[in-house]
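Undergrad: Structure file entry.txt, compact mmCIF, C-alpha atoms and all ligand atoms, is pasted below:
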```txt
# COMPACT_ATOMS: atom_id res chain seq x y z
CA MET A 1 4.17 24.60 3.74
CA GLU A 2 2.53 26.71 1.08
CA HIS A 3 0.07 29.14 2.68
CA ILE A 4 -3.33 30.41 1.66
CA ALA A 5 -3.39 33.79 -0.08
CA GLY A 6 -5.00 36.35 2.22
CA LEU A 7 -4.02 34.62 5.45
CA ASN A 8 -1.04 35.89 7.38
CA PRO A 9 1.71 33.22 7.18
CA GLU A 10 2.46 33.98 10.87
CA GLY A 11 0.28 32.77 13.72
CA ASN A 12 -0.98 29.74 11.87
CA GLU A 13 -1.32 27.52 14.94
CA ASN A 14 -3.84 29.55 16.95
CA ARG A 15 -5.80 30.49 13.84
CA ASN A 16 -6.01 26.82 12.94
CA ARG A 17 -7.21 25.86 16.44
CA ILE A 18 -9.87 28.59 16.31
CA PHE A 19 -11.09 27.42 12.90
CA HIS A 20 -11.44 23.82 14.09
CA CYS A 21 -13.08 24.91 17.34
CA ILE A 22 -15.77 26.69 15.29
CA ARG A 23 -16.13 23.74 12.91
CA GLN A 24 -16.51 21.18 15.69
CA ASN A 25 -18.97 23.29 17.67
CA LYS A 26 -21.02 24.20 14.53
CA ILE A 27 -21.75 27.58 16.18
CA ILE A 28 -19.80 29.21 19.00
CA SER A 29 -19.25 32.69 20.47
CA ARG A 30 -16.00 34.58 20.84
CA PRO A 31 -15.88 34.30 24.68
CA ALA A 32 -16.63 30.57 24.45
CA ILE A 33 -13.75 30.06 21.97
CA ALA A 34 -11.40 31.98 24.30
CA ARG A 35 -12.46 29.78 27.23
CA GLU A 36 -12.27 26.50 25.30
CA LEU A 37 -8.84 27.20 23.79
CA GLU A 38 -7.47 29.18 26.77
CA LEU A 39 -6.63 32.17 24.57
CA SER A 40 -7.03 35.88 25.35
CA LEU A 41 -10.06 37.66 23.90
CA PRO A 42 -7.93 40.07 21.79
CA THR A 43 -6.08 37.10 20.25
CA VAL A 44 -9.35 35.38 19.38
CA THR A 45 -10.73 38.64 17.98
CA THR A 46 -7.71 39.10 15.67
CA TYR A 47 -7.98 35.64 14.16
CA LEU A 48 -11.79 35.69 13.91
CA GLN A 49 -11.48 38.87 11.88
CA GLU A 50 -8.87 37.29 9.61
CA LEU A 51 -10.93 34.14 9.06
CA GLU A 52 -14.07 36.21 8.44
CA ASP A 53 -12.28 38.53 5.99
CA ASN A 54 -11.22 35.48 4.00
CA GLY A 55 -14.71 34.03 3.83
CA MET A 56 -14.03 30.96 5.97
CA ILE A 57 -16.37 31.87 8.85
CA TYR A 58 -19.37 34.16 9.30
CA LYS A 59 -21.44 35.67 12.09
CA ASN A 60 -24.36 33.30 12.45
CA GLY A 61 -26.88 35.09 14.69
CA SER A 62 -26.38 35.61 18.41
CA LEU A 63 -25.98 33.19 21.29
CA GLY A 64 -26.82 32.92 24.97
CA ASN A 65 -28.00 35.56 27.38
CA THR A 66 -25.46 36.20 30.07
CA GLY A 67 -26.75 39.16 32.05
CA GLY A 68 -28.19 41.05 29.13
CA ARG A 69 -25.48 41.02 26.44
CA ARG A 70 -25.79 38.44 23.75
CA ALA A 71 -22.63 37.31 21.96
CA ALA A 72 -22.36 36.79 18.19
CA GLY A 73 -22.07 33.13 17.15
CA TYR A 74 -19.57 32.09 14.51
CA SER A 75 -19.94 29.23 12.01
CA VAL A 76 -17.94 27.92 9.06
CA VAL A 77 -18.99 29.19 5.62
CA ARG A 78 -19.92 26.03 3.77
CA ASP A 79 -19.63 27.01 0.14
CA LYS A 80 -16.80 29.53 -0.22
CA TYR A 81 -14.11 26.81 -0.35
CA ILE A 82 -15.19 23.44 -1.70
CA ALA A 83 -13.61 20.35 -3.25
CA ALA A 84 -15.01 17.97 -5.85
CA GLY A 85 -14.64 14.21 -5.93
CA ILE A 86 -15.25 11.89 -8.88
CA ASP A 87 -16.04 8.18 -8.81
CA LEU A 88 -14.84 7.01 -12.23
CA THR A 89 -16.35 3.72 -13.43
CA GLU A 90 -17.00 1.87 -16.69
CA THR A 91 -20.69 2.76 -16.66
CA TYR A 92 -21.23 5.96 -14.68
CA LEU A 93 -19.63 9.08 -13.23
CA MET A 94 -20.48 10.25 -9.76
CA VAL A 95 -19.54 13.74 -8.64
CA THR A 96 -19.67 14.84 -5.01
CA LEU A 97 -18.93 18.31 -3.69
CA VAL A 98 -17.61 18.57 -0.14
CA ASP A 99 -17.77 21.78 1.88
CA LEU A 100 -15.32 23.31 4.35
CA ASN A 101 -16.95 21.39 7.23
CA GLY A 102 -16.12 18.12 5.46
CA ASP A 103 -19.81 17.46 4.69
CA VAL A 104 -21.50 16.61 1.40
CA LEU A 105 -22.80 19.71 -0.33
CA ARG A 106 -24.16 17.98 -3.41
CA SER A 107 -23.86 14.61 -5.13
CA GLU A 108 -24.86 13.70 -8.67
CA LYS A 109 -24.54 10.63 -10.83
CA LYS A 110 -24.56 10.37 -14.62
CA GLU A 111 -24.73 7.18 -16.66
CA CYS A 112 -21.98 7.24 -19.31
CA VAL A 113 -19.83 4.51 -20.80
CA PHE A 114 -16.15 5.09 -20.09
CA SER A 115 -13.73 5.56 -22.93
CA ASN A 116 -10.30 7.05 -22.38
CA ASP A 117 -10.50 9.77 -25.05
CA ALA A 118 -10.95 13.51 -25.38
CA ALA A 119 -14.70 13.30 -26.04
CA TYR A 120 -15.25 11.41 -22.78
CA TRP A 121 -13.07 13.72 -20.69
CA ASN A 122 -14.62 16.86 -22.17
CA GLY A 123 -18.05 15.43 -21.30
CA ALA A 124 -16.83 14.67 -17.77
CA LYS A 125 -15.60 18.25 -17.41
CA ASP A 126 -18.99 19.61 -18.54
CA PHE A 127 -20.71 17.39 -15.99
CA VAL A 128 -18.43 18.50 -13.13
CA ASP A 129 -18.90 22.15 -14.16
CA SER A 130 -22.68 21.75 -14.22
CA VAL A 131 -22.68 20.31 -10.69
CA LEU A 132 -20.40 23.11 -9.49
CA GLU A 133 -22.62 25.75 -11.10
CA GLN A 134 -25.72 24.47 -9.33
CA CYS A 135 -24.42 25.16 -5.86
CA GLY A 136 -21.49 27.47 -6.39
CA ARG A 137 -21.58 31.17 -5.72
CA PRO A 138 -19.67 33.59 -7.96
CA ASP A 139 -16.69 33.66 -5.60
CA THR A 140 -16.50 29.95 -4.71
CA VAL A 141 -12.95 28.63 -4.68
CA VAL A 142 -12.66 25.05 -5.97
CA LEU A 143 -9.74 23.51 -4.09
CA GLY A 144 -9.34 20.75 -6.63
CA ILE A 145 -10.73 17.44 -7.82
CA GLY A 146 -10.02 14.04 -6.31
CA ILE A 147 -10.61 11.16 -8.73
CA ALA A 148 -11.21 7.67 -7.37
CA VAL A 149 -10.14 4.93 -9.79
CA GLN A 150 -10.20 1.12 -9.75
CA ALA A 151 -6.43 0.99 -9.73
CA ILE A 152 -3.40 1.25 -7.51
CA VAL A 153 -2.11 4.80 -7.77
CA THR A 154 1.34 6.23 -7.16
CA GLN A 155 2.12 7.50 -3.68
CA ASP A 156 1.97 11.15 -4.77
CA HIS A 157 -1.50 10.60 -6.33
CA SER A 158 -0.23 11.67 -9.77
CA GLY A 159 -0.39 8.47 -11.80
CA ILE A 160 -1.43 4.83 -12.10
CA PHE A 161 0.82 2.10 -10.71
CA TYR A 162 -1.28 -0.98 -11.53
CA VAL A 163 -4.61 -1.45 -13.26
CA LYS A 164 -6.29 -4.43 -14.84
CA THR A 165 -9.97 -3.67 -15.13
CA MET A 166 -10.15 -0.27 -16.88
CA ASP A 167 -8.28 1.31 -19.77
CA ILE A 168 -6.61 3.99 -17.66
CA ASP A 169 -2.91 2.98 -17.66
CA ASN A 170 -1.86 6.36 -19.03
CA LEU A 171 -3.99 8.49 -16.70
CA THR A 172 -2.03 11.22 -14.90
CA SER A 173 -3.09 14.14 -12.74
CA GLU A 174 -1.38 16.45 -15.23
CA MET A 175 -3.50 15.20 -18.12
CA LEU A 176 -6.67 15.51 -16.02
CA GLU A 177 -5.72 19.04 -14.99
CA ASP A 178 -5.59 19.98 -18.69
CA TYR A 179 -9.21 18.90 -19.06
CA PHE A 180 -10.70 19.99 -15.75
CA GLN A 181 -8.64 23.17 -15.20
CA TYR A 182 -8.39 22.46 -11.47
CA PRO A 183 -5.69 20.70 -9.43
CA CYS A 184 -6.35 16.94 -9.71
CA LEU A 185 -5.29 13.99 -7.54
CA LEU A 186 -5.85 10.29 -8.18
CA PHE A 187 -6.98 7.89 -5.43
CA ASN A 188 -7.35 4.16 -5.16
CA ASP A 189 -11.08 3.47 -4.86
CA ALA A 190 -10.99 1.54 -1.56
CA ASN A 191 -8.56 4.02 0.01
CA ALA A 192 -10.87 6.89 -0.90
CA ALA A 193 -13.92 5.13 0.53
CA GLY A 194 -12.07 4.11 3.70
CA TYR A 195 -10.82 7.66 4.17
CA GLY A 196 -14.35 9.05 4.01
CA GLU A 197 -15.68 6.30 6.29
CA ILE A 198 -13.20 6.84 9.11
CA PHE A 199 -13.86 10.60 9.09
CA ARG A 200 -17.52 9.81 9.81
CA ARG A 201 -16.51 7.61 12.76
CA PRO A 202 -14.83 10.00 15.17
CA GLU A 203 -14.54 7.23 17.77
CA ALA A 204 -12.31 5.09 15.49
CA ASP A 205 -8.64 5.87 14.73
CA ASN A 206 -7.87 2.59 12.96
CA LEU A 207 -10.04 0.68 10.52
CA PHE A 208 -10.01 -1.90 7.76
CA TYR A 209 -12.40 -1.07 4.94
CA ILE A 210 -13.52 -3.86 2.62
CA GLY A 211 -14.91 -2.47 -0.64
CA LEU A 212 -17.37 -4.96 -2.14
CA SER A 213 -18.25 -3.47 -5.52
CA ASP A 214 -17.50 -4.56 -9.10
CA ASN A 215 -14.10 -5.53 -7.71
CA VAL A 216 -13.13 -6.36 -4.15
CA GLY A 217 -10.68 -3.88 -2.65
CA GLY A 218 -9.53 -2.91 0.79
CA SER A 219 -7.90 -0.15 2.73
CA ILE A 220 -5.99 -0.15 5.99
CA LEU A 221 -6.40 3.11 7.88
CA ILE A 222 -4.02 3.83 10.73
CA ASP A 223 -4.38 7.04 12.76
CA ASN A 224 -7.14 8.08 10.35
CA LYS A 225 -4.92 7.83 7.24
CA PRO A 226 -4.57 5.10 4.61
CA PHE A 227 -1.48 3.00 5.26
CA GLY A 228 0.21 2.72 1.87
CA GLY A 229 2.90 0.13 2.42
CA GLN A 230 6.02 -0.08 0.24
CA LEU A 231 4.30 0.33 -3.12
CA SER A 232 0.92 1.85 -2.12
CA LYS A 233 -0.80 -1.49 -2.60
CA SER A 234 -1.49 -2.52 0.97
CA GLY A 235 -4.98 -3.71 1.86
CA GLU A 236 -5.51 -5.50 -1.47
CA ILE A 237 -7.82 -8.00 0.15
CA GLY A 238 -9.44 -8.93 -3.19
CA HIS A 239 -6.49 -11.12 -4.10
CA ILE A 240 -5.84 -13.01 -0.90
CA THR A 241 -6.46 -16.73 -1.38
CA VAL A 242 -9.59 -17.98 0.36
CA HIS A 243 -9.72 -21.29 -1.52
CA PRO A 244 -6.39 -22.70 -2.88
CA GLU A 245 -7.99 -24.76 -5.67
CA GLY A 246 -10.92 -22.42 -6.09
CA LYS A 247 -12.51 -20.32 -8.80
CA GLN A 248 -10.45 -18.59 -11.47
CA CYS A 249 -9.84 -14.90 -10.72
CA TYR A 250 -9.37 -12.25 -13.43
CA CYS A 251 -5.88 -11.60 -12.01
CA GLY A 252 -4.68 -15.01 -13.18
CA GLN A 253 -4.66 -16.71 -9.76
CA ARG A 254 -7.21 -19.17 -8.42
CA GLY A 255 -9.39 -18.87 -5.34
CA CYS A 256 -9.04 -15.13 -4.69
CA LEU A 257 -11.68 -13.42 -2.55
CA ASP A 258 -12.57 -11.33 -5.61
CA ALA A 259 -13.67 -14.44 -7.51
CA TYR A 260 -16.28 -15.13 -4.79
CA CYS A 261 -17.30 -11.72 -3.51
CA SER A 262 -17.13 -9.19 -6.35
CA ALA A 263 -20.34 -7.73 -7.72
CA SER A 264 -19.21 -8.23 -11.32
CA VAL A 265 -18.70 -11.98 -10.85
CA LEU A 266 -22.02 -12.27 -9.04
CA LYS A 267 -23.90 -10.37 -11.75
CA ARG A 268 -22.25 -12.34 -14.55
CA THR A 269 -22.75 -15.76 -12.90
CA LEU A 270 -26.40 -15.24 -11.98
CA ASN A 271 -27.26 -12.83 -14.79
CA VAL A 272 -28.93 -10.41 -12.40
CA SER A 273 -28.48 -6.85 -11.13
CA ILE A 274 -27.40 -6.37 -7.50
CA ASP A 275 -30.82 -4.95 -6.56
CA GLY A 276 -32.45 -7.91 -8.33
CA PHE A 277 -30.17 -10.31 -6.48
CA PHE A 278 -31.01 -8.98 -3.02
CA ALA A 279 -34.72 -8.86 -3.86
CA GLY A 280 -34.58 -12.49 -5.04
CA LEU A 281 -32.58 -13.51 -1.99
CA ALA A 282 -35.20 -11.98 0.33
CA GLU A 283 -37.92 -13.86 -1.56
CA GLY A 284 -36.10 -17.17 -1.11
CA ASN A 285 -34.64 -17.77 -4.59
CA GLU A 286 -32.74 -21.05 -4.10
CA GLN A 287 -30.02 -20.44 -6.67
CA TYR A 288 -29.28 -17.04 -5.11
CA GLN A 289 -29.29 -18.53 -1.62
CA GLU A 290 -26.77 -21.16 -2.62
CA TYR A 291 -24.52 -18.49 -4.13
CA TRP A 292 -24.91 -16.29 -1.05
CA GLU A 293 -23.97 -19.09 1.35
CA GLU A 294 -20.60 -19.46 -0.35
CA TYR A 295 -20.25 -15.68 -0.62
CA MET A 296 -20.72 -15.27 3.14
CA ASP A 297 -18.37 -18.18 3.94
CA MET A 298 -15.55 -16.73 1.86
CA LEU A 299 -16.12 -13.23 3.18
CA ALA A 300 -16.08 -14.55 6.76
CA ILE A 301 -12.69 -16.20 6.13
CA ALA A 302 -11.28 -12.86 4.95
CA VAL A 303 -12.87 -10.95 7.85
CA ALA A 304 -11.46 -13.36 10.46
CA ASP A 305 -8.00 -13.17 8.84
CA ILE A 306 -8.05 -9.36 8.82
CA ARG A 307 -9.15 -9.30 12.46
CA ASN A 308 -6.27 -11.59 13.43
CA LEU A 309 -3.79 -9.47 11.49
CA CYS A 310 -4.96 -5.96 12.32
CA ASP A 311 -7.09 -6.23 15.49
CA CYS A 312 -9.18 -3.22 14.44
CA GLU A 313 -12.75 -2.48 13.42
CA ILE A 314 -13.72 -3.81 9.99
CA VAL A 315 -16.27 -2.13 7.72
CA LEU A 316 -18.16 -3.76 4.86
CA GLY A 317 -18.52 -1.14 2.13
CA GLY A 318 -18.96 -0.84 -1.59
CA TYR A 319 -22.37 -1.22 -3.16
CA ILE A 320 -22.79 -4.81 -1.92
CA GLY A 321 -21.48 -3.98 1.57
CA SER A 322 -23.88 -1.06 1.85
CA ARG A 323 -26.81 -3.45 1.27
CA MET A 324 -25.65 -6.09 3.76
CA GLU A 325 -27.27 -4.89 6.98
CA THR A 326 -29.74 -7.80 7.10
CA TYR A 327 -26.99 -10.39 6.73
CA LEU A 328 -24.52 -8.81 9.14
CA PRO A 329 -25.42 -11.06 12.14
CA GLU A 330 -24.83 -14.18 10.04
CA ILE A 331 -21.48 -12.97 8.66
CA ARG A 332 -20.43 -11.97 12.19
CA LYS A 333 -21.30 -15.46 13.42
CA ARG A 334 -19.25 -17.15 10.71
CA ALA A 335 -16.27 -14.81 11.24
CA ALA A 336 -16.39 -15.33 15.04
CA ALA A 337 -16.34 -19.11 14.52
CA ARG A 338 -12.91 -18.72 12.90
CA ASN A 339 -11.39 -16.56 15.62
CA PRO A 340 -9.72 -18.31 18.57
CA PHE A 341 -9.47 -15.09 20.60
CA GLU A 342 -12.97 -13.63 20.53
CA ASP A 343 -16.40 -15.20 20.73
CA ASN A 344 -18.21 -12.52 18.76
CA ALA A 345 -17.47 -10.31 15.75
CA ASP A 346 -19.10 -7.07 16.87
CA TYR A 347 -16.05 -5.29 15.40
CA LEU A 348 -17.65 -5.89 11.98
CA THR A 349 -20.16 -3.28 10.74
CA THR A 350 -21.60 -2.01 7.46
CA CYS A 351 -20.56 1.35 6.03
CA ILE A 352 -22.03 4.70 7.08
CA VAL A 353 -21.23 6.45 3.77
CA LYS A 354 -23.21 4.67 1.08
CA GLU A 355 -23.44 5.49 -2.61
CA GLU A 356 -21.10 8.49 -2.74
CA ALA A 357 -18.34 6.84 -0.64
CA LEU A 358 -15.61 7.01 -3.31
CA SER A 359 -16.28 10.51 -4.60
CA TYR A 360 -16.82 11.79 -1.06
CA GLY A 361 -13.53 10.38 0.28
CA SER A 362 -11.56 11.73 -2.69
CA ALA A 363 -12.91 15.25 -2.24
CA LEU A 364 -12.54 15.10 1.54
CA TYR A 365 -8.79 14.52 1.19
CA LEU A 366 -8.44 17.88 -0.61
CA VAL A 367 -10.52 19.63 2.07
CA HIS A 368 -8.26 18.14 4.76
CA GLN A 369 -5.16 19.36 2.90
CA PHE A 370 -6.68 22.85 2.95
CA TRP A 371 -7.53 22.62 6.67
CA GLU A 372 -3.86 22.08 7.46
CA LYS A 373 -2.93 25.35 5.80
CA ILE A 374 -5.54 27.51 7.59
ZN ZN B 401 -7.12 -12.46 -7.95
```
How does the structure come out when it is put into structure tokens?
Ligand SMILES: [Zn+2]
TA:
Amino acid sequence: MEHIAGLNPEGNENRNRIFHCIRQNKIISRPAIARELELSLPTVTTYLQELEDNGMIYKNGSLGNTGGRRAAGYSVVRDKYIAAGIDLTETYLMVTLVDLNGDVLRSEKKECVFSNDAAYWNGAKDFVDSVLEQCGRPDTVVLGIGIAVQAIVTQDHSGIFYVKTMDIDNLTSEMLEDYFQYPCLLFNDANAAGYGEIFRRPEADNLFYIGLSDNVGGSILIDNKPFGGQLSKSGEIGHITVHPEGKQCYCGQRGCLDAYCSASVLKRTLNVSIDGFFAGLAEGNEQYQEYWEEYMDMLAIAVADIRNLCDCEIVLGGYIGSRMETYLPEIRKRAAARNPFEDNADYLTTCIVKEEALSYGSALYLVHQFWEKI
């Protein structure tokens, strides 16, 4: 594996354990690290010095009072090494910066109509640079940019395998690197969001993420990583059939989940924004209620099917999923009614990461790649 300039290629394992020990504890002293990892004090001292010299950790005040001597506490430097994530959509760009702890450093959104040309990409670069400038320090190292797209991407994150909703067939990481001047990786939108979500749920190792946004997508996460399948298109829950003779889907089939549960279909059918829809629903708008009944029924079918197939926690995400808290008990009830093995659907929850889910997950992947090399 390629190693980080400045770090000794030898001794990677203990250095890595010490880094993660500091990260997980937020602040910890040298003797406490030695105790927790069962390492000698001189070994810990050597690696602390190396990590500190490379700007990954710093002395963050002093800790404890054990018989007079106070020990220095160590914490991770948040903004020396950061990654950026982009949520690329038809109508806006969202940029999220993630620090070396894996936390959001900054998130900004800009309304701009997508067009796959130089003017658009140069504008996107200026936007990313402006966000980086606002929180960067002169010596910040940008690990790269993860770009979440509404498409199935190749397994090596370098190109587009299948796309139907945006004009991005020709998008490659190489082309994006020419514009952004940083290493770039492409991510499927639901995979990126699921990846970020499972990181924020330390108690879960496996998860199914349903992305309910302009399109319906999904991601299967096994052992905290997206399960790709043969062609990186696993988890495509938007195009499972929930109604054999049902509504026409943009993919050409009938009765797909997407035709019932996507935000774009909802907005087009009812001629309303998503905020307007939920406001109207809460006020008892009958047309919205009728639409929502069918929406919840179809979603419950998909949820029950996923539970039977995967037997893992299921998260409702995307910008509809993140507004669903109020309706969760009802969807759980309908999903449970379709499950012969369980009498409740407490395995179903709404997402923890809300608006910046896609950009956050894309950037987080690059931070995790870097963690492995420390
Ligand atoms: Zn479809």
Undergrad: Atom CA of Glu330 of chain A and atom CA of Gln150 of chain A, how far apart in Å?
TA: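 The value is 29.0 Å.
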Undergrad: Quick one: of A:Met298, A:Ile18, A:Leu281, A:Leu348, who's nearest to Ser40 of chain A, counting all atoms listed in the file?
TA: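 Among A:Met298, A:Ile18, A:Leu281, A:Leu348, it is A:Ile18 that comes nearest to Ser40 of chain A.
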Undergrad: Is it possible to get the axis-aligned box enclosing segment 85-88 of chain A (all listed atoms, 5 Å extra per side) as AutoDock Vina command-line options, with centre and edge lengths in Å rounded to one decimal?
TA:
```
--center_x -15.3 --center_y 10.6 --center_z -9.1 --size_x 11.4 --size_y 17.2 --size_z 16.3
```
Undergrad: Take atom CA of Asp53 of chain A and atom CA of Lys26 of chain A and report the distance between them in Å, one decimal.
TA: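 So the two atoms, atom CA of Asp53 of chain A and atom CA of Lys26 of chain A, lie 18.8 Å apart.
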Undergrad: Which residues of chain A come within 6 Å of ligand ZN 401 (chain B), and for each one, what is the closest pair of atoms and their distance in Å to one decimal, counting only C-alpha atoms and all ligand atoms, sorted by chain and residue number, as a tab-separated table?
TA:
```
residue	atom	partner	partner_atom	distance
A:His239	CA	B:ZN401	ZN	4.1
A:Cys249	CA	B:ZN401	ZN	4.6
A:Tyr250	CA	B:ZN401	ZN	5.9
A:Cys251	CA	B:ZN401	ZN	4.3
A:Gln253	CA	B:ZN401	ZN	5.2
A:Cys256	CA	B:ZN401	ZN	4.6
```
Undergrad: Interatomic distance between atom CA of Ile314 of chain A and atom CA of Asp205 of chain A?
TA: 11.9 Å
Undergrad: Please determine the residues with any atom at most 12 Å from (-5.7, -5.1, -18.0) (coordinates as given in the file, with all atoms listed in the file counting) and report them as a compact mmCIF listing (two decimals) with C-alpha atoms, keeping the file's coordinate frame.
TA:
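To be explicit, this is the file written out as point01.txt:
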```
# COMPACT_ATOMS: atom_id res chain seq x y z
CA GLN A 150 -10.20 1.12 -9.75
CA ALA A 151 -6.43 0.99 -9.73
CA TYR A 162 -1.28 -0.98 -11.53
CA VAL A 163 -4.61 -1.45 -13.26
CA LYS A 164 -6.29 -4.43 -14.84
CA THR A 165 -9.97 -3.67 -15.13
CA MET A 166 -10.15 -0.27 -16.88
CA ASP A 167 -8.28 1.31 -19.77
CA ILE A 168 -6.61 3.99 -17.66
CA ASP A 169 -2.91 2.98 -17.66
CA TYR A 250 -9.37 -12.25 -13.43
CA CYS A 251 -5.88 -11.60 -12.01
CA GLY A 252 -4.68 -15.01 -13.18
```
Undergrad: Which residue out of A:Pro31, A:Pro202, A:Gly255, A:Gly321 has the minimum interatomic distance to His243 of chain A when only C-alpha atoms are used?
TA: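 Between A:Pro31, A:Pro202, A:Gly255, A:Gly321, the residue approaching His243 of chain A most closely is A:Gly255.
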Undergrad: Each residue of segment 51-146 of chain A lying at most 12 Å from segment 187-197 of chain A should get a row with its shortest atom-to-atom pair and the distance in Å to one decimal, counting only C-alpha atoms; could you produce that, ordered by chain and increasing number, as a tab-separated table?
TA:
```
residue	atom	partner	partner_atom	distance
A:Gly85	CA	A:Ala192	CA	9.6
A:Ile86	CA	A:Phe187	CA	9.8
A:Asp87	CA	A:Asp189	CA	7.9
A:Leu88	CA	A:Asp189	CA	9.0
A:Thr89	CA	A:Asp189	CA	10.1
A:Thr96	CA	A:Gly196	CA	12.0
A:Val98	CA	A:Gly196	CA	10.9
A:Gly102	CA	A:Gly196	CA	9.4
A:Asp103	CA	A:Gly196	CA	10.0
A:Val104	CA	A:Gly196	CA	10.7
A:Ile145	CA	A:Phe187	CA	10.5
A:Gly146	CA	A:Phe187	CA	6.9
```
Undergrad: Pick from A:Cys351, A:Ile28, A:Val153, A:Val242: nearest to Ser322 of chain A, with only C-alpha atoms counted?
TA: A:Cys351
Undergrad: If we count only C-alpha atoms, what is near Leu132 of chain A at a cut-off of 9 Å, once residues fewer than 5 positions away on the same chain are taken out, given as a list in words?
TA: Ala84, Leu97, Arg106, Phe127, Arg137 and Val142 of chain A
Undergrad: Taking (-12.8, 31.2, -3.2) as a centre in this file's frame and 9 Å as the limit, can you find every polymer residue with an atom that close, using all atoms listed in the file, and give them as JSON, numbers by chain?
TA: {"A": [54, 55, 79, 80, 81, 82, 138, 139, 140, 141, 142, 143]}
Undergrad: Near Glu174 of chain A, within 9 Å and counting only C-alpha atoms, which residues show up once chain neighbours fewer than 4 positions away are dropped, as number ranges by chain?
TA: A: 158-159, 178, 183-185
Undergrad: With distances taken over all atoms listed in the file, which of A:Ile4, A:Leu266, A:Leu186, A:Val128 is nearest to Asp214 of chain A?
TA: A:Leu266
Undergrad: Ranking A:Ala302, A:Ala148, A:Met56, A:Ile33 by minimum distance to Val76 of chain A and counting only C-alpha atoms, which one comes first?
TA: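 Going through A:Ala302, A:Ala148, A:Met56, A:Ile33 one by one, the smallest distance to Val76 of chain A is for A:Met56.
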Undergrad: Kindly indicate which residue among A:Glu245, A:Thr154, A:Gln287, A:Thr91 lies nearest to Gln230 of chain A, using only C-alpha atoms for the distances.
TA: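 With only C-alpha atoms as the atom set, the closest residue is A:Thr154.
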